[in-house]
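Worksheet for the structure shown next.
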Amino acid sequence: MSELVLKFSEIGNGDVAKVGGKNASLGEMYNKLSSNGIRVPDGFATTSSAFWLFVDANNIREKLADLMTKLDTDKYSNLKEIGLAARQLFLGAAMPAELKYAVTNAYKHLCGESYFEVAVRSSATAEDLPQASFAGQHESYLNIKGNDELLDAVQRCYASLFTDRAIKYRIDNGFDYQKIALSVGVQKMVRSDEACSGVAFTLEPESGFRDIIHISGVWGLGENIVQGTVTPDEFYVFKPSLRNNKRAIIQRKLGDKARTMIYATEGDQPTVNVETPVEKQKTFVLNDKEVTTLANWALLIEEHYKAPMDIEWAKDGLSNELFILQARPETVHSRQDPLRINEYKLLQKGNVLVNGDAIGSKIATGTVRILHSPADSGKLQPGDIVVTGLTTPDWDPVLKTAAAIITDKGGRTSHASIVARELGVPAIVGTETGTTTLKDGQSITVSCAEGKTGFVYDGKLNFEENSLDLRDVRLPEKTRAMMILGDPAKAFKLSFYPNHGVGLMRMEFIINHAVQVHPMALVKFNELKDPATKQKIEELTANSGNKEKYFVEKLAEGIATIAAAFYPKEVIVRMSDFKTNEYANLLGGKDFEPVEENPMIGFRGASRYYNPLYKEGFRLECEAIKVVRNEMGLDNVKLMIPFCRTVDEGRKVIEVMKEYGLQQGVNGLEIYVMAEIPSNVIQAEDFAEIFDGFSIGSNDLTQLTLGIDRDSAIISDLFSEQNKSAMTMIAMVIAKAKKAGSRIGLCGQAPSDIPSFAAFLISQGIDSISFNPDALIKGIENMNAAEKKIKTIQ
């Protein structure tokens with residue numbers, strides 16, 4: 001169009017110097033990716049030449065230079081005054097006639113016969129480059145209509161190059177303000193105020209795991225998600241399943257979305273936050289088809305840019321179409337080395353004060369400093385922990401000195417979360433009551449080292465930090481080192497550890513924490529006796545369509561998350577192994593569980609799966625597995641049957657699984673059995689004819705061999721896997737499995753705690769050993785030493 005304004009159709013990635021990273025990216029996508037079905041609203045951008053024309057026509061350069069020399073760059077004591085004065089230089093200036101014409105003429109060409117609303121966004125010429133994230137440093141203006149409003153918004157964007165946060169950010173990152181111009185992008189407005197909007201990362205934002213697309217969304221305009229005003233919906237999409245046209249959404253999380261930002265119809269402010277109707281709060285902002293569409297677009301954008309991306313999307317409520325509003329390189333995990341980790345671990349228990357979403361995986365201790373706005377920054381001392389309702393970009397200079405951040409509101413893509421990741425400090429967002437429960441001056445511990453949920457403990461608790469370069473850990477050559485897992489929240493982070501897969505995935509953790517309800521209470525809901533229990537189950541299952549589907553979806557999502565994290569390595573999922581007293585503790589469980597004197601050797605494991613008391617519950621477990629393997633395409637999942645007492649019982653279970661659509665050998669399905677009962681050892685040859693392999697459960701096998709209740713404190717000193725009888729049983733079952741050509745592994749703590757026990761297992765020819773994550777590195781060390789010793793002898 002001119003050297004002052006360029007249409008998106010004239011812009012590409014090579015034009016960062018002219019229009020900044022944000023606008024260059026919009027032009028790139030508009031020109032290169034629209035043919036793939038990705039919708040990018042049309043628009044234009046003012047150039048860096050236009051910015052310098054504005055600056056020089058008003059003699060701003062020298063005045064700015066004079067102001068910047070007065071800035072206190074040590075404590076930033078006069079940052080507010082300097083920033084305000086700098087912005088006034090722009091706001092009080094006159095826009096050159098040549099620039100006015102270029103902008104209004106471009107606006108006329110964009111709109112055609114009648115003017116429509118546009119979004120006006122800042123794009124610094126060094127913005128959104130991989131080495132710096134200028135996101136949120138400068139201003140944007142929405143719902144702008146008409147020449148006068150547009151010209152005013154452009155001038156305010158120019159002024160926003162000198163917001164307090166932008167001034168400090170440039171200094172912190174070594175950017176010379178004299179070399180940075182500001183381009184203004186003008187884009188057709190997407191009416192997300194009538195629908196929804198959000199953010200997508202083409203990696204998992206906490207761990208940096210690359211095979212996940214994380215999509216979050218809120219009702220209305222996207223500012224609520226950026227500021228963390230509300231907790232958004234979250235969707236995790238697995239890239240390999242997406243590429244294979246399988247059901248790729250492996251996890252959903254419903255956010256509260258308590259408020260909706262819309263355009264104001266009166267008053268001075270352009271937008272207003274209104275309360276979201278309860279029905280919409282309980283409804284996901286996107287359906288599965290829309291999530292899949294956005295994920296496919298995100299994948300195409302990532303492949304085009306050849307880098308992990310941070311993407312903003314919106315849905316137009318008038319046309320019901322999805323649009324991409326921005327795409328920039330992700331700037332935190334893409335620069336980190338996932339194989340160099342710091343492990344944090346609490347060394348004592350504490351009293352939990354509040355909890356929320358954990359950002360990062362660190363632990364910090366410090367003094368609570370409750371701040372209600374950046375104006376309270378004078379109260380903050382280095383090492384204090386900031387506690388506030390929510391943060392916006394204006395908080396950036398304040399947060400630099402915080403040891404940790406706690407907010408009442410917000411989710412994993414909120415401003416506080418993004419800043420915490422960039423600063424490398426732990427944050428707990430969405431606590432709801434942090435500012436009211438915690439007291440100013442109180443000593444606390446912030447722990448983000450316990451999975452997706454972060455905990456704030458009373459007092460300064462002791463913890464340890466260990467640095468580890470996973471490249472220094474060499475996996476054993478012959479014997480596979482595998483993991484024992486139950487918590488899906490830790491799976492993505494743990495996937496970076498050296499491993500050959502997951503040798504035991506306990507589904508009980510998922511049923512306890514995610515499902516919470518006894519499966520038979522869902523199958524036979526109308527037979528429940530307690531009204532309060534029924535009400536609680538109604539609340540949990542309200543969004544699932546039907547109660548059985550609730551169990552299947554929750555269990556499937558948990559299993560799929562772990563299976564995706566380790567894909568394509570095998571993940572051996574053990575079917576449920578609660579004992580009756582443990583099942584009874586689930587919601588509705590007491591109505592369906594017998595009371596037993598000794599649940600440890602009672603109605604548990606395989607015996608439940610074909611028994612009328614639980615067979616329908618087992619059907620739901622099988623349905624979840626079918627979703628994971630068949631619909632999601634996670635065929636690295638293998639199954640394991642616990643506590644199978646007899647060969648006939650094994651056959652019954654295999655038959656029931658076939659009846660429920662899980663047929664051994666079909667689609668590569670393998671079914672293993674736990675070797676944890678003396679009968680499994682004595683008849684190992686017969687069990688090998690039915691099952692594809694064994695996993696030794698050393699705890700149960702030891703207690704049943706020695707006749708010890710391992711929960712009994714009185715005789716606990718007699719319990720030892722190193723007892724000669726226990727080791728004889730283990731050696732015997734390994735030998736029989738090898739003879740039958742069946743794989744056999746062991747799951748347990750002993751091989752990491754006791755080097756000689758690891759050496760014993762390897763000397764017997766065991767195929768794999770599975771460890772709890774905190775014992776994995778030590779276990780691998782013991783395995784390597786044992787293999788080396790055997791190799792030396794040979």
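Naming works like this for the structure tokens: A, B, ... for the chains as they're shown, residue 1 at the start of each chain, ligands 1 onward in shown order.
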Near segment 694-709 of chain A, counting only C-alpha atoms, which residues have an atom at most 6 Å away, once you skip same-chain residues fewer than 5 positions from it, shown as a PyMOL selection string? chain A and resi 672-677+721+726+744-747
Report the residues of segment 433-637 of chain A whose backbone DSSP state falls under strand (DSSP E), written as a PyMOL selection string. chain A and resi 443-447+453-458+463-469+480-485+502-506+571-574+637
Taking 4 positions as the minimum chain separation for residues in the same chain, which residues sit within 9 Å of Asp591 of chain A when counting only C-alpha atoms? Answer as a short mmCIF file (atom, residue, chain, number, x, y, z; two decimals) with N, CA and C atoms, in the first residue's frame.
data_model
loop_
_atom_site.label_atom_id
_atom_site.label_comp_id
_atom_site.auth_asym_id
_atom_site.auth_seq_id
_atom_site.Cartn_x
_atom_site.Cartn_y
_atom_site.Cartn_z
N MET A 520 -19.90 -49.71 40.67
CA MET A 520 -21.24 -50.32 40.80
C MET A 520 -22.27 -49.29 41.27
N ALA A 521 -21.82 -48.24 41.94
CA ALA A 521 -22.74 -47.18 42.36
C ALA A 521 -23.22 -46.38 41.16
N GLU A 527 -30.22 -47.91 43.17
CA GLU A 527 -30.28 -48.78 44.34
C GLU A 527 -29.55 -48.20 45.54
N LEU A 528 -28.90 -47.05 45.38
CA LEU A 528 -28.18 -46.43 46.49
C LEU A 528 -29.16 -45.99 47.57
N LYS A 529 -28.74 -46.13 48.83
CA LYS A 529 -29.63 -45.86 49.95
C LYS A 529 -29.49 -44.44 50.51
N ALA A 584 -14.87 -49.90 49.51
CA ALA A 584 -15.99 -49.38 50.31
C ALA A 584 -15.84 -47.89 50.60
#
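Near segment 285-302 of chain A, within 7 Å and counting only C-alpha atoms, sit A:Ile38, A:Cys196, A:Thr202, A:Ile213, A:Gly217, A:Val218, A:Trp219, A:Val237, A:Tyr305, A:Lys306, A:Ala307, A:Pro308, A:Met309, not including residues fewer than 3 positions from it in the same chain.
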Which neighbours of segment 478-489 of chain A fall inside 6 Å, counting only C-alpha atoms, when residues of the same chain fewer than 2 positions from it are skipped, and could you give them as an NGL selection string? :A and (451-452 or 476 or 491 or 499-506 or 509 or 558 or 561-562 or 767-772)
Saved selection, atoms kept: N, CA and C atoms, as a PDB file, in the first residue's frame:
ATOM      1  N   GLY A 451       3.157 -32.694  41.923  1.00  0.00           N
ATOM      2  CA  GLY A 451       2.212 -32.946  40.837  1.00  0.00           C
ATOM      3  C   GLY A 451       1.530 -31.662  40.397  1.00  0.00           C
ATOM      4  N   LYS A 452       0.350 -31.783  39.780  1.00  0.00           N
ATOM      5  CA  LYS A 452      -0.330 -30.622  39.217  1.00  0.00           C
ATOM      6  C   LYS A 452      -0.909 -29.705  40.286  1.00  0.00           C
ATOM      7  N   PRO A 476      20.505 -49.770  31.499  1.00  0.00           N
ATOM      8  CA  PRO A 476      21.126 -51.099  31.398  1.00  0.00           C
ATOM      9  C   PRO A 476      21.035 -51.646  29.983  1.00  0.00           C
ATOM     10  N   ALA A 491       3.171 -37.549  34.897  1.00  0.00           N
ATOM     11  CA  ALA A 491       3.640 -38.388  33.788  1.00  0.00           C
ATOM     12  C   ALA A 491       4.512 -37.647  32.788  1.00  0.00           C
ATOM     13  N   ASN A 499      14.256 -44.416  30.853  1.00  0.00           N
ATOM     14  CA  ASN A 499      13.337 -45.522  31.160  1.00  0.00           C
ATOM     15  C   ASN A 499      13.052 -46.332  29.903  1.00  0.00           C
ATOM     16  N   HIS A 500      12.543 -47.534  30.116  1.00  0.00           N
ATOM     17  CA  HIS A 500      12.075 -48.381  29.021  1.00  0.00           C
ATOM     18  C   HIS A 500      10.555 -48.484  29.002  1.00  0.00           C
ATOM     19  N   GLY A 501       9.877 -47.584  29.699  1.00  0.00           N
ATOM     20  CA  GLY A 501       8.425 -47.620  29.740  1.00  0.00           C
ATOM     21  C   GLY A 501       7.911 -47.744  31.163  1.00  0.00           C
ATOM     22  N   VAL A 502       6.649 -48.088  31.282  1.00  0.00           N
ATOM     23  CA  VAL A 502       5.997 -48.225  32.586  1.00  0.00           C
ATOM     24  C   VAL A 502       5.651 -49.697  32.802  1.00  0.00           C
ATOM     25  N   GLY A 503       6.278 -50.298  33.808  1.00  0.00           N
ATOM     26  CA  GLY A 503       6.058 -51.717  34.082  1.00  0.00           C
ATOM     27  C   GLY A 503       4.845 -51.982  34.932  1.00  0.00           C
ATOM     28  N   LEU A 504       4.372 -50.963  35.639  1.00  0.00           N
ATOM     29  CA  LEU A 504       3.149 -51.096  36.443  1.00  0.00           C
ATOM     30  C   LEU A 504       2.483 -49.738  36.527  1.00  0.00           C
ATOM     31  N   MET A 505       1.300 -49.631  35.893  1.00  0.00           N
ATOM     32  CA  MET A 505       0.479 -48.443  36.034  1.00  0.00           C
ATOM     33  C   MET A 505      -0.711 -48.807  36.894  1.00  0.00           C
ATOM     34  N   ARG A 506      -0.780 -48.219  38.081  1.00  0.00           N
ATOM     35  CA  ARG A 506      -1.860 -48.520  39.027  1.00  0.00           C
ATOM     36  C   ARG A 506      -3.062 -47.642  38.719  1.00  0.00           C
ATOM     37  N   PHE A 509      -5.133 -45.128  41.691  1.00  0.00           N
ATOM     38  CA  PHE A 509      -4.928 -43.705  41.962  1.00  0.00           C
ATOM     39  C   PHE A 509      -5.955 -42.876  41.186  1.00  0.00           C
ATOM     40  N   GLY A 558      -7.172 -40.581  32.445  1.00  0.00           N
ATOM     41  CA  GLY A 558      -6.012 -40.773  33.312  1.00  0.00           C
ATOM     42  C   GLY A 558      -5.013 -41.752  32.720  1.00  0.00           C
ATOM     43  N   THR A 561      -3.275 -40.303  29.567  1.00  0.00           N
ATOM     44  CA  THR A 561      -2.249 -39.304  29.853  1.00  0.00           C
ATOM     45  C   THR A 561      -0.906 -39.979  30.104  1.00  0.00           C
ATOM     46  N   ILE A 562      -0.909 -41.039  30.899  1.00  0.00           N
ATOM     47  CA  ILE A 562       0.342 -41.760  31.169  1.00  0.00           C
ATOM     48  C   ILE A 562       0.820 -42.488  29.920  1.00  0.00           C
ATOM     49  N   ASP A 767      13.705 -60.072  32.990  1.00  0.00           N
ATOM     50  CA  ASP A 767      13.658 -59.219  31.797  1.00  0.00           C
ATOM     51  C   ASP A 767      13.566 -57.735  32.123  1.00  0.00           C
ATOM     52  N   SER A 768      12.890 -57.398  33.229  1.00  0.00           N
ATOM     53  CA  SER A 768      12.722 -55.979  33.562  1.00  0.00           C
ATOM     54  C   SER A 768      12.524 -55.813  35.059  1.00  0.00           C
ATOM     55  N   ILE A 769      12.888 -54.629  35.531  1.00  0.00           N
ATOM     56  CA  ILE A 769      12.637 -54.252  36.920  1.00  0.00           C
ATOM     57  C   ILE A 769      11.989 -52.871  36.900  1.00  0.00           C
ATOM     58  N   SER A 770      10.882 -52.728  37.635  1.00  0.00           N
ATOM     59  CA  SER A 770      10.160 -51.448  37.664  1.00  0.00           C
ATOM     60  C   SER A 770      10.319 -50.787  39.021  1.00  0.00           C
ATOM     61  N   PHE A 771      10.560 -49.471  38.990  1.00  0.00           N
ATOM     62  CA  PHE A 771      10.839 -48.713  40.202  1.00  0.00           C
ATOM     63  C   PHE A 771       9.857 -47.559  40.362  1.00  0.00           C
ATOM     64  N   ASN A 772       9.620 -47.163  41.613  1.00  0.00           N
ATOM     65  CA  ASN A 772       8.960 -45.886  41.850  1.00  0.00           C
ATOM     66  C   ASN A 772       9.881 -44.775  41.341  1.00  0.00           C
TER      67      ASN A 772
END
